[in-house]
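Student: Could you have a look at this structure, given as structure tokens, before my questions?
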Amino acid sequence: MDEDALPANGGETTSIGWRQVLLAIGGVAAAVALVVLIVMVAMSNRDRDRALAAQRHSFEVMILARTLESTMTRAEAALGRFVVSGDKQVGRFYYDEWRRAGTIIDRLDTVTRDNAEHTALIATLRGIYRERGQQLSETALRTNYGQGWNALSKYYQAGQARSLEQLSTTLEKIIANEASVLDQRNGVAARSIAYSNRLAKTLSLFGIAAVIGAILLGWATLEALAQRRLARRDTEEVSRHADEMEEAVRARTEELRDANRRLLAEAAERKQAEAQLRQVQKMEVVGQLTGGIAHDFNNMLAVVVGGLELAGRRLSDNTAEAARHIDSAMDGAKRAAALTRRLLSFARSAPLLPRAVDPHQLIQGMSDLLDRTLGERITVTVRNDDNGPPWLIWVDSHQLENALLNLAVNARDAMDGEGVLTIALGQKRLVAGERPDTPAGDYATISVIDNGGGMTPDVLEHVFEPFFTTKPAGKGTGLGLSQIFGFVRQSRGGIDIASTPGEGTTVTVLLPRHAGPAPAARPAGTPVTAAGAAQRVLVVEDDPRVLAATTETLAELGYVPVPCANSADAAAMMIAHPDVALIVSDVVMPGVSGPDMIAALRPDYPDVAVLFVTGFAGEVEKADAFGGHEVLRKPFTMAALARAVEKALAAGARPEAVSGSSRIATAGAAG
């Protein structure tokens with residue numbers, strides 16, 4: 001029995017051993033298959049994440065392209081408002097928006113470097129941006145210098161430029177290309193998700209099969225292991241989904257925060273822009289009021305100056321004290337005349353009046369003004385870096401004084417109100433090509449040197465740009481150096497600036513040398529003799545006091561004045577006095593202005609000479625408005641009136657016969 005049973009027991013043992021081997025092999029195979037499935041699921045998840053990241057990248061490129069288009073559109077719209085209104089703060093908004101568009105292009109360049117086609121389009125886009133910026137900057141610069149119609153024309157030309165269409169086409173290409181790439185990436189993402197889902201289903205089925213097999217074979221241990229694997233997989237899946245949801249919520253929250261911050265920033269900018277606009281409007285009203293006051297003040301000064309001179313000429317030799325008082329009153333009138341010129345300059349109503357100027361004498365004459373402006377803690381020194389007298393220059397002396405005063409104030413601020421300010425005069429000969437922005441020739445140089453804190457190279461690159469300033473908010477408009485730059489370039493000169501942090505700054509102005517002789521000036525106190533040959537002069541002036549003073553002065557000079565208080569009566573007065581040799585007319589009068597009156601009389605009296613007299617010409621003070629006739633500024637001295645009348649009579653009815661680049665006589669307090 002025992003022996004017979006041995007084979008049976010041995011066979012059963014052998015069967016159990018094979019089953020154990022098969023189960024072990026199956027377990028190992030199942031484990032390997034499970035590992036493979038898990039690895040494939042992980043790889044599938046990684047591919048899916050990459051595809052989603054690629055989708056987000058495409059969305060970012062398309063959003064940047066649309067943002068660039070809207071930013072440039074806002075910038076050009078702001079420039080249009082700046083051209084129309086002349087509001088400097090609107091110009092600054094245009095400047096900021098345009099620079100922001102450049103930053104967006106840089107960002108586009110960074111995020112699309114993985115796409116060669118995008119790289120080429122971005123390069124094209126950057127070139128269009130630079131070209132467009134140059135076109136628009138000309139409009140902004142002309143607007144800043146008050147060239148309204150030229151700026152509007154430039155703006156219109158920029159709106160018709162081919163670069164605008166190229167810009168839109170390039171952006172559409174970028175968006176279209178990225179949309180095509182996005183379609184491909186959407187397909188890849190969809191396939192990755194589907195593949196991941198299939199693997200997940202396969203893994204689930206495999207786990208179920210393993211559980212069923214473990215139950216059928218009775219291997220509780222394998223069943224437990226399968227359950228643990230299944231639980232671990234579910235835990236990992238839930239954790240992964242939880243992480244994804246948390247990341248999505250965090251990203252969305254950050255987007256909402258960014259949007260809220262942008263809205264708050266835009267609201268603050270809008271509020272600040274509105275406040276600045278109100279301030280600019282106040283300044284415009286002040287400028288208009290200043291110009292009007294200067295106009296009336298000039299008329300009163302014309303009466304005062306004329307009356308004082310006539311009274312002085314009628315004093316006898318034994319009234320020295322009365323003459324001294326009259327001279328004192330005349331000096332005050334001259335100072336008041338200088339004040340009105342500064343008021344007109346503030347109101348932007350004075351034209352550019354170039355003449356031959358000795359820079360050394362001009363700076364010496366500014367010494368008192370510089371001392372009062374800069375304060376006692378600033379030491380001002382003037383030196384001549386070249387042997388011999390300084391060269392004469394052809395420039396508007398008042399504008400040059402304003403430019404030098406602005407540079408001196410900037411230097412004072414750089415030195416914190418204490419230091420040494422040096423004004424150096426020199427001479428420079430430029431050869432052809434030495435400076436690309438300045439033609440060859442002889443130039444007188446004026447350098448303003450301070451020993452302040454200096455500027456860094458990145459600040460120096462922007463100092464001449466409109467609206468750029470290093471001063472705190474409310475302390476500067478950023479227009480000082482840009483206005484000086486425009487004045488120097490308008491005078492056919494150049495400007496250089498050199499600065500080293502901790503050592504100071506040097507600003508050098510180059511102005512063309514005047515080849516002709518210095519204008520002969522009548523010595524102070526030279527008596528004016530009667531020069532008229534009883535020639536009849538028609539005086540048209542709406543202010544009765546100025547009319548009386550002018551007619552008396554002309555009579556004192558030996559002319560026969562005919563007063564006319566209304567420009568509408570001038571034609572009748574000319575008929576009544578056919579021997580009139582000269583018409584002396586105010587510019588701004590009720591009804592018909594002086595230039596319009598002369599234009600109406602010219603066909604009937606082509607040989608009559610014309611002299612315009614004005615205290616506030618404003619916008620009409622242009623060469624085509626006066627037809628090239630002489631212009632005398634109020635208040636004027638007897639000597640100034642005598643010279644202007646002589647010059648007008650010498651020119652006769654053909655003002656083009658009188659030489660000189662400017663026909664406006666600057667007959668101020670100096671006579």
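Order determines the names: the first chain of the structure tokens is A, the second B, and so forth; residues in each chain are numbered 1 upward, and ligands are numbered 1 upward as they are shown.
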Skipping near chain neighbours, those fewer than 6 positions away, what residues fall within 12 Å of range 419-423 of chain A using only C-alpha atoms, listed as an MDAnalysis selection string?
Tutor: chainID A and resid 359:360 362:364 366:367 370:371 374:385 404:405 407:413 445:453 503:509
Student: Report as a list in words all protein, DNA and RNA residues lying within 12 Å of Thr73 in chain A, evaluated on only C-alpha atoms, omitting residues in the same chain fewer than 3 positions from it.
Tutor: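 The contact residues come out as Arg66, Thr67, Leu68, Glu69, Ser70, Glu76, Ala77, Ala78, Leu79, Gly80, Tyr94, Glu97, Trp98, Arg100, Ala101, Arg132, Gly159, Leu164, Leu167 and Ser168 of chain A.
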Student: Can I get the selected residues back with N, CA and C atoms, as a compact mmCIF listing (two decimals), in the first residue's frame?
Tutor:
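As written to disk, result_12.txt reads:
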```txt
# COMPACT_ATOMS: atom_id res chain seq x y z
N ARG A 66 -1.53 89.76 -30.97
CA ARG A 66 -2.69 90.65 -30.89
C ARG A 66 -2.42 91.84 -29.96
N THR A 67 -1.71 91.56 -28.86
CA THR A 67 -1.37 92.64 -27.93
C THR A 67 -0.48 93.67 -28.61
N LEU A 68 0.51 93.21 -29.40
CA LEU A 68 1.39 94.13 -30.13
C LEU A 68 0.59 95.02 -31.07
N GLU A 69 -0.36 94.40 -31.78
CA GLU A 69 -1.16 95.18 -32.74
C GLU A 69 -1.98 96.25 -32.02
N SER A 70 -2.62 95.86 -30.90
CA SER A 70 -3.43 96.84 -30.16
C SER A 70 -2.57 97.92 -29.53
N GLU A 76 -0.30 105.00 -31.98
CA GLU A 76 -0.53 105.90 -33.12
C GLU A 76 -1.74 106.79 -32.87
N ALA A 77 -2.77 106.24 -32.18
CA ALA A 77 -3.93 107.08 -31.85
C ALA A 77 -3.53 108.19 -30.90
N ALA A 78 -2.67 107.87 -29.91
CA ALA A 78 -2.18 108.90 -28.98
C ALA A 78 -1.37 109.96 -29.71
N LEU A 79 -0.55 109.53 -30.71
CA LEU A 79 0.22 110.50 -31.49
C LEU A 79 -0.71 111.42 -32.25
N GLY A 80 -1.82 110.85 -32.79
CA GLY A 80 -2.78 111.70 -33.49
C GLY A 80 -3.38 112.74 -32.57
N TYR A 94 2.13 108.48 -25.88
CA TYR A 94 2.52 107.83 -27.15
C TYR A 94 3.91 107.22 -27.04
N GLU A 97 3.79 103.96 -24.91
CA GLU A 97 3.13 102.86 -25.61
C GLU A 97 4.01 102.31 -26.74
N TRP A 98 4.72 103.23 -27.43
CA TRP A 98 5.57 102.76 -28.53
C TRP A 98 6.73 101.93 -28.00
N ARG A 100 6.64 100.21 -25.26
CA ARG A 100 6.04 98.96 -24.81
C ARG A 100 5.85 98.01 -25.99
N ALA A 101 5.49 98.54 -27.15
CA ALA A 101 5.38 97.68 -28.33
C ALA A 101 6.73 97.04 -28.66
N ARG A 132 8.54 102.28 -38.95
CA ARG A 132 7.34 102.98 -38.51
C ARG A 132 7.66 103.98 -37.41
N GLY A 159 0.06 107.55 -41.96
CA GLY A 159 -1.13 106.72 -42.03
C GLY A 159 -1.31 106.07 -43.38
N LEU A 164 2.39 100.31 -42.71
CA LEU A 164 1.23 99.97 -41.92
C LEU A 164 0.59 98.68 -42.41
N LEU A 167 2.89 95.80 -41.62
CA LEU A 167 2.81 95.41 -40.21
C LEU A 167 1.62 94.48 -39.99
N SER A 168 0.44 94.86 -40.52
CA SER A 168 -0.76 94.04 -40.34
C SER A 168 -0.58 92.68 -41.00
```
Student: If we count only C-alpha atoms, what is near range 229-240 of chain A at a cut-off of 12 Å, once residues fewer than 6 positions away on the same chain are taken out, given as a PyMOL selection string?
Tutor: chain A and resi 30-31+34-35+37-38+41-42+45-46+49+200+203-211+222-223+246-247
Student: Restricting it to N, CA and C atoms, dump the selection as a PDB file, in the first residue's frame.
Tutor:
```pdb
ATOM      1  N   ALA A  30       3.351  38.643 -15.100  1.00  0.00           N
ATOM      2  CA  ALA A  30       2.350  39.655 -14.778  1.00  0.00           C
ATOM      3  C   ALA A  30       3.008  40.904 -14.192  1.00  0.00           C
ATOM      4  N   ALA A  31       4.021  40.676 -13.328  1.00  0.00           N
ATOM      5  CA  ALA A  31       4.717  41.818 -12.743  1.00  0.00           C
ATOM      6  C   ALA A  31       5.430  42.642 -13.815  1.00  0.00           C
ATOM      7  N   LEU A  34       2.919  44.441 -15.818  1.00  0.00           N
ATOM      8  CA  LEU A  34       2.413  45.565 -15.043  1.00  0.00           C
ATOM      9  C   LEU A  34       3.400  46.734 -15.039  1.00  0.00           C
ATOM     10  N   VAL A  35       4.698  46.397 -14.864  1.00  0.00           N
ATOM     11  CA  VAL A  35       5.711  47.449 -14.880  1.00  0.00           C
ATOM     12  C   VAL A  35       5.737  48.161 -16.234  1.00  0.00           C
ATOM     13  N   LEU A  37       3.300  48.368 -18.391  1.00  0.00           N
ATOM     14  CA  LEU A  37       2.113  49.214 -18.533  1.00  0.00           C
ATOM     15  C   LEU A  37       2.246  50.514 -17.735  1.00  0.00           C
ATOM     16  N   ILE A  38       2.787  50.397 -16.519  1.00  0.00           N
ATOM     17  CA  ILE A  38       2.953  51.603 -15.698  1.00  0.00           C
ATOM     18  C   ILE A  38       3.917  52.582 -16.355  1.00  0.00           C
ATOM     19  N   VAL A  41       2.193  54.178 -19.196  1.00  0.00           N
ATOM     20  CA  VAL A  41       1.248  55.197 -18.740  1.00  0.00           C
ATOM     21  C   VAL A  41       1.984  56.479 -18.355  1.00  0.00           C
ATOM     22  N   ALA A  42       3.125  56.320 -17.629  1.00  0.00           N
ATOM     23  CA  ALA A  42       3.897  57.509 -17.239  1.00  0.00           C
ATOM     24  C   ALA A  42       4.404  58.273 -18.455  1.00  0.00           C
ATOM     25  N   ASN A  45       1.554  60.019 -20.055  1.00  0.00           N
ATOM     26  CA  ASN A  45       1.206  61.246 -19.313  1.00  0.00           C
ATOM     27  C   ASN A  45       2.202  62.364 -19.599  1.00  0.00           C
ATOM     28  N   ARG A  46       3.500  62.025 -19.676  1.00  0.00           N
ATOM     29  CA  ARG A  46       4.510  63.037 -19.965  1.00  0.00           C
ATOM     30  C   ARG A  46       4.309  63.621 -21.365  1.00  0.00           C
ATOM     31  N   ASP A  49       1.411  65.970 -21.214  1.00  0.00           N
ATOM     32  CA  ASP A  49       1.784  67.248 -20.599  1.00  0.00           C
ATOM     33  C   ASP A  49       2.573  68.114 -21.576  1.00  0.00           C
ATOM     34  N   ALA A 200      -4.617  53.285 -19.722  1.00  0.00           N
ATOM     35  CA  ALA A 200      -5.261  53.189 -18.408  1.00  0.00           C
ATOM     36  C   ALA A 200      -6.303  52.077 -18.390  1.00  0.00           C
ATOM     37  N   LEU A 203      -4.477  48.803 -18.398  1.00  0.00           N
ATOM     38  CA  LEU A 203      -3.953  48.526 -17.069  1.00  0.00           C
ATOM     39  C   LEU A 203      -5.073  48.104 -16.119  1.00  0.00           C
ATOM     40  N   SER A 204      -6.215  48.716 -16.241  1.00  0.00           N
ATOM     41  CA  SER A 204      -7.350  48.331 -15.400  1.00  0.00           C
ATOM     42  C   SER A 204      -7.785  46.902 -15.680  1.00  0.00           C
ATOM     43  N   LEU A 205      -7.892  46.558 -16.972  1.00  0.00           N
ATOM     44  CA  LEU A 205      -8.283  45.188 -17.333  1.00  0.00           C
ATOM     45  C   LEU A 205      -7.268  44.166 -16.840  1.00  0.00           C
ATOM     46  N   PHE A 206      -5.997  44.560 -16.955  1.00  0.00           N
ATOM     47  CA  PHE A 206      -4.962  43.646 -16.481  1.00  0.00           C
ATOM     48  C   PHE A 206      -5.086  43.427 -14.982  1.00  0.00           C
ATOM     49  N   GLY A 207      -5.351  44.480 -14.259  1.00  0.00           N
ATOM     50  CA  GLY A 207      -5.523  44.325 -12.814  1.00  0.00           C
ATOM     51  C   GLY A 207      -6.704  43.439 -12.479  1.00  0.00           C
ATOM     52  N   ILE A 208      -7.805  43.629 -13.241  1.00  0.00           N
ATOM     53  CA  ILE A 208      -8.990  42.777 -13.018  1.00  0.00           C
ATOM     54  C   ILE A 208      -8.672  41.320 -13.310  1.00  0.00           C
ATOM     55  N   ALA A 209      -7.957  41.108 -14.429  1.00  0.00           N
ATOM     56  CA  ALA A 209      -7.584  39.725 -14.770  1.00  0.00           C
ATOM     57  C   ALA A 209      -6.700  39.110 -13.702  1.00  0.00           C
ATOM     58  N   ALA A 210      -5.765  39.925 -13.195  1.00  0.00           N
ATOM     59  CA  ALA A 210      -4.888  39.407 -12.142  1.00  0.00           C
ATOM     60  C   ALA A 210      -5.676  39.036 -10.901  1.00  0.00           C
ATOM     61  N   VAL A 211      -6.655  39.897 -10.559  1.00  0.00           N
ATOM     62  CA  VAL A 211      -7.487  39.591  -9.394  1.00  0.00           C
ATOM     63  C   VAL A 211      -8.294  38.310  -9.618  1.00  0.00           C
ATOM     64  N   LEU A 222      -1.284  36.568  -3.776  1.00  0.00           N
ATOM     65  CA  LEU A 222      -1.272  37.292  -5.057  1.00  0.00           C
ATOM     66  C   LEU A 222      -2.458  38.244  -5.155  1.00  0.00           C
ATOM     67  N   GLU A 223      -3.608  37.812  -4.613  1.00  0.00           N
ATOM     68  CA  GLU A 223      -4.780  38.681  -4.633  1.00  0.00           C
ATOM     69  C   GLU A 223      -4.512  39.953  -3.816  1.00  0.00           C
ATOM     70  N   GLU A 246      -4.943  71.584  -8.756  1.00  0.00           N
ATOM     71  CA  GLU A 246      -4.361  72.638  -7.936  1.00  0.00           C
ATOM     72  C   GLU A 246      -3.541  73.607  -8.777  1.00  0.00           C
ATOM     73  N   GLU A 247      -2.759  73.070  -9.727  1.00  0.00           N
ATOM     74  CA  GLU A 247      -1.961  73.927 -10.602  1.00  0.00           C
ATOM     75  C   GLU A 247      -2.852  74.795 -11.492  1.00  0.00           C
TER      76      GLU A 247
END
```
Student: Would you compute the distance between CA of Arg492 in chain A and CA of Val463 in chain A? Give it in Å to one decimal.
Tutor: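 CA of Val463 in chain A lies 20.1 Å from CA of Arg492 in chain A.
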Student: Give me, as a ChimeraX atom specification, all polymer residues having an atom no more than 9 Å from range 564-572 of chain A, counting only C-alpha atoms and skipping those fewer than 4 positions away in the same chain.
Tutor: /A:538-544,547,576-577,585-586,589-594,597,600-601
Student: Store the residues of this selection in a file with N, CA, C and O atoms, as a PDB file, in the first residue's frame.
Tutor:
```
ATOM      1  N   LEU A 538       1.242 158.260 -43.839  1.00  0.00           N
ATOM      2  CA  LEU A 538      -0.065 157.889 -43.311  1.00  0.00           C
ATOM      3  C   LEU A 538       0.149 156.926 -42.137  1.00  0.00           C
ATOM      4  O   LEU A 538       0.757 155.864 -42.298  1.00  0.00           O
ATOM      5  N   VAL A 539      -0.334 157.290 -40.936  1.00  0.00           N
ATOM      6  CA  VAL A 539      -0.170 156.470 -39.727  1.00  0.00           C
ATOM      7  C   VAL A 539      -1.530 155.859 -39.387  1.00  0.00           C
ATOM      8  O   VAL A 539      -2.474 156.583 -39.062  1.00  0.00           O
ATOM      9  N   VAL A 540      -1.641 154.515 -39.472  1.00  0.00           N
ATOM     10  CA  VAL A 540      -2.891 153.801 -39.196  1.00  0.00           C
ATOM     11  C   VAL A 540      -2.708 153.054 -37.874  1.00  0.00           C
ATOM     12  O   VAL A 540      -1.916 152.119 -37.785  1.00  0.00           O
ATOM     13  N   GLU A 541      -3.423 153.490 -36.820  1.00  0.00           N
ATOM     14  CA  GLU A 541      -3.274 152.903 -35.475  1.00  0.00           C
ATOM     15  C   GLU A 541      -4.590 153.056 -34.728  1.00  0.00           C
ATOM     16  O   GLU A 541      -5.148 154.164 -34.674  1.00  0.00           O
ATOM     17  N   ASP A 542      -5.130 151.953 -34.167  1.00  0.00           N
ATOM     18  CA  ASP A 542      -6.431 152.018 -33.492  1.00  0.00           C
ATOM     19  C   ASP A 542      -6.322 152.573 -32.076  1.00  0.00           C
ATOM     20  O   ASP A 542      -7.300 153.077 -31.535  1.00  0.00           O
ATOM     21  N   ASP A 543      -5.146 152.501 -31.440  1.00  0.00           N
ATOM     22  CA  ASP A 543      -4.965 153.044 -30.087  1.00  0.00           C
ATOM     23  C   ASP A 543      -4.679 154.544 -30.208  1.00  0.00           C
ATOM     24  O   ASP A 543      -3.649 154.947 -30.757  1.00  0.00           O
ATOM     25  N   PRO A 544      -5.570 155.415 -29.682  1.00  0.00           N
ATOM     26  CA  PRO A 544      -5.390 156.873 -29.888  1.00  0.00           C
ATOM     27  C   PRO A 544      -4.111 157.398 -29.247  1.00  0.00           C
ATOM     28  O   PRO A 544      -3.483 158.320 -29.769  1.00  0.00           O
ATOM     29  N   LEU A 547      -1.273 156.378 -31.474  1.00  0.00           N
ATOM     30  CA  LEU A 547      -1.389 157.162 -32.703  1.00  0.00           C
ATOM     31  C   LEU A 547      -0.838 158.573 -32.487  1.00  0.00           C
ATOM     32  O   LEU A 547      -0.065 159.088 -33.319  1.00  0.00           O
ATOM     33  N   ALA A 576      -7.589 161.255 -50.245  1.00  0.00           N
ATOM     34  CA  ALA A 576      -7.489 162.655 -49.842  1.00  0.00           C
ATOM     35  C   ALA A 576      -6.050 163.158 -49.855  1.00  0.00           C
ATOM     36  O   ALA A 576      -5.811 164.366 -49.993  1.00  0.00           O
ATOM     37  N   HIS A 577      -5.076 162.256 -49.715  1.00  0.00           N
ATOM     38  CA  HIS A 577      -3.656 162.646 -49.688  1.00  0.00           C
ATOM     39  C   HIS A 577      -2.898 161.773 -50.695  1.00  0.00           C
ATOM     40  O   HIS A 577      -2.245 160.798 -50.326  1.00  0.00           O
ATOM     41  N   SER A 585       1.607 151.203 -40.336  1.00  0.00           N
ATOM     42  CA  SER A 585       0.354 150.570 -39.925  1.00  0.00           C
ATOM     43  C   SER A 585       0.588 149.601 -38.773  1.00  0.00           C
ATOM     44  O   SER A 585       1.591 148.870 -38.747  1.00  0.00           O
ATOM     45  N   ASP A 586      -0.369 149.615 -37.827  1.00  0.00           N
ATOM     46  CA  ASP A 586      -0.394 148.575 -36.795  1.00  0.00           C
ATOM     47  C   ASP A 586      -0.777 147.246 -37.461  1.00  0.00           C
ATOM     48  O   ASP A 586      -1.328 147.229 -38.575  1.00  0.00           O
ATOM     49  N   MET A 589      -5.659 144.992 -35.564  1.00  0.00           N
ATOM     50  CA  MET A 589      -6.619 146.072 -35.356  1.00  0.00           C
ATOM     51  C   MET A 589      -8.030 145.521 -35.500  1.00  0.00           C
ATOM     52  O   MET A 589      -8.234 144.490 -36.165  1.00  0.00           O
ATOM     53  N   PRO A 590      -9.017 146.188 -34.889  1.00  0.00           N
ATOM     54  CA  PRO A 590     -10.405 145.735 -35.050  1.00  0.00           C
ATOM     55  C   PRO A 590     -10.828 145.800 -36.514  1.00  0.00           C
ATOM     56  O   PRO A 590     -10.458 146.714 -37.250  1.00  0.00           O
ATOM     57  N   GLY A 591     -11.605 144.816 -36.926  1.00  0.00           N
ATOM     58  CA  GLY A 591     -12.073 144.800 -38.303  1.00  0.00           C
ATOM     59  C   GLY A 591     -11.024 144.262 -39.249  1.00  0.00           C
ATOM     60  O   GLY A 591     -10.760 143.061 -39.296  1.00  0.00           O
ATOM     61  N   VAL A 592     -10.381 145.137 -39.999  1.00  0.00           N
ATOM     62  CA  VAL A 592      -9.385 144.745 -40.998  1.00  0.00           C
ATOM     63  C   VAL A 592      -7.997 144.862 -40.378  1.00  0.00           C
ATOM     64  O   VAL A 592      -7.643 145.908 -39.835  1.00  0.00           O
ATOM     65  N   SER A 593      -7.194 143.789 -40.453  1.00  0.00           N
ATOM     66  CA  SER A 593      -5.840 143.831 -39.915  1.00  0.00           C
ATOM     67  C   SER A 593      -4.933 144.636 -40.841  1.00  0.00           C
ATOM     68  O   SER A 593      -5.277 144.930 -41.998  1.00  0.00           O
ATOM     69  N   GLY A 594      -3.754 145.001 -40.316  1.00  0.00           N
ATOM     70  CA  GLY A 594      -2.818 145.780 -41.113  1.00  0.00           C
ATOM     71  C   GLY A 594      -2.400 145.092 -42.405  1.00  0.00           C
ATOM     72  O   GLY A 594      -2.463 145.701 -43.494  1.00  0.00           O
ATOM     73  N   MET A 597      -5.228 145.185 -44.915  1.00  0.00           N
ATOM     74  CA  MET A 597      -5.448 146.543 -45.431  1.00  0.00           C
ATOM     75  C   MET A 597      -4.423 146.870 -46.522  1.00  0.00           C
ATOM     76  O   MET A 597      -4.778 147.400 -47.588  1.00  0.00           O
ATOM     77  N   ALA A 600      -5.158 145.126 -49.751  1.00  0.00           N
ATOM     78  CA  ALA A 600      -6.257 145.746 -50.507  1.00  0.00           C
ATOM     79  C   ALA A 600      -5.818 147.039 -51.191  1.00  0.00           C
ATOM     80  O   ALA A 600      -6.296 147.371 -52.289  1.00  0.00           O
ATOM     81  N   LEU A 601      -4.897 147.805 -50.565  1.00  0.00           N
ATOM     82  CA  LEU A 601      -4.445 149.065 -51.154  1.00  0.00           C
ATOM     83  C   LEU A 601      -3.368 148.873 -52.211  1.00  0.00           C
ATOM     84  O   LEU A 601      -3.154 149.762 -53.050  1.00  0.00           O
TER      85      LEU A 601
END
```
Student: Counting only C-alpha atoms, what is within 10 Å of Leu611 in chain A, bar same-chain residues fewer than 2 positions away, as a PyMOL selection string?
Tutor: chain A and resi 539+582-587+594+609+613+626+629-632+641+644-649+652
Student: Excluding Thr438 in chain A and its own-chain neighbours fewer than 5 positions away, which residues fall within 12 Å of it when counting only C-alpha atoms? Please give them as a list of chain:residue names.
Tutor: A:Arg429, A:Leu430, A:Val431, A:Ala432, A:Gly433, A:Tyr443, A:Val488, A:Arg489, A:Gln490, A:Ser491, A:Arg492, A:Gly493, A:Gly494, A:Ile495, A:Asp496, A:Val509, A:Leu510, A:Leu511, A:Pro512
Student: Find the distance between CA of Gln184 in chain A and CA of Thr170 in chain A and write it in Å to one decimal.
Tutor: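 Atom-to-atom, CA of Gln184 in chain A and CA of Thr170 in chain A are spaced 21.4 Å apart.
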Student: Would you mind telling me which residue in A:Ala650, A:Val32, A:Leu141, A:Ala65 lies nearest to Thr169 in chain A when using only C-alpha atoms?
Tutor: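 Under the stated criterion, the closest residue is A:Ala65.
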Student: I'd like to know which of A:Asp604, A:Asp114, A:Asp579, A:Glu269 is closest to Asp96 in chain A, using only C-alpha atoms.
Tutor: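 Checking each of A:Asp604, A:Asp114, A:Asp579, A:Glu269 against Asp96 in chain A, counting only C-alpha atoms, the winner is A:Glu269.
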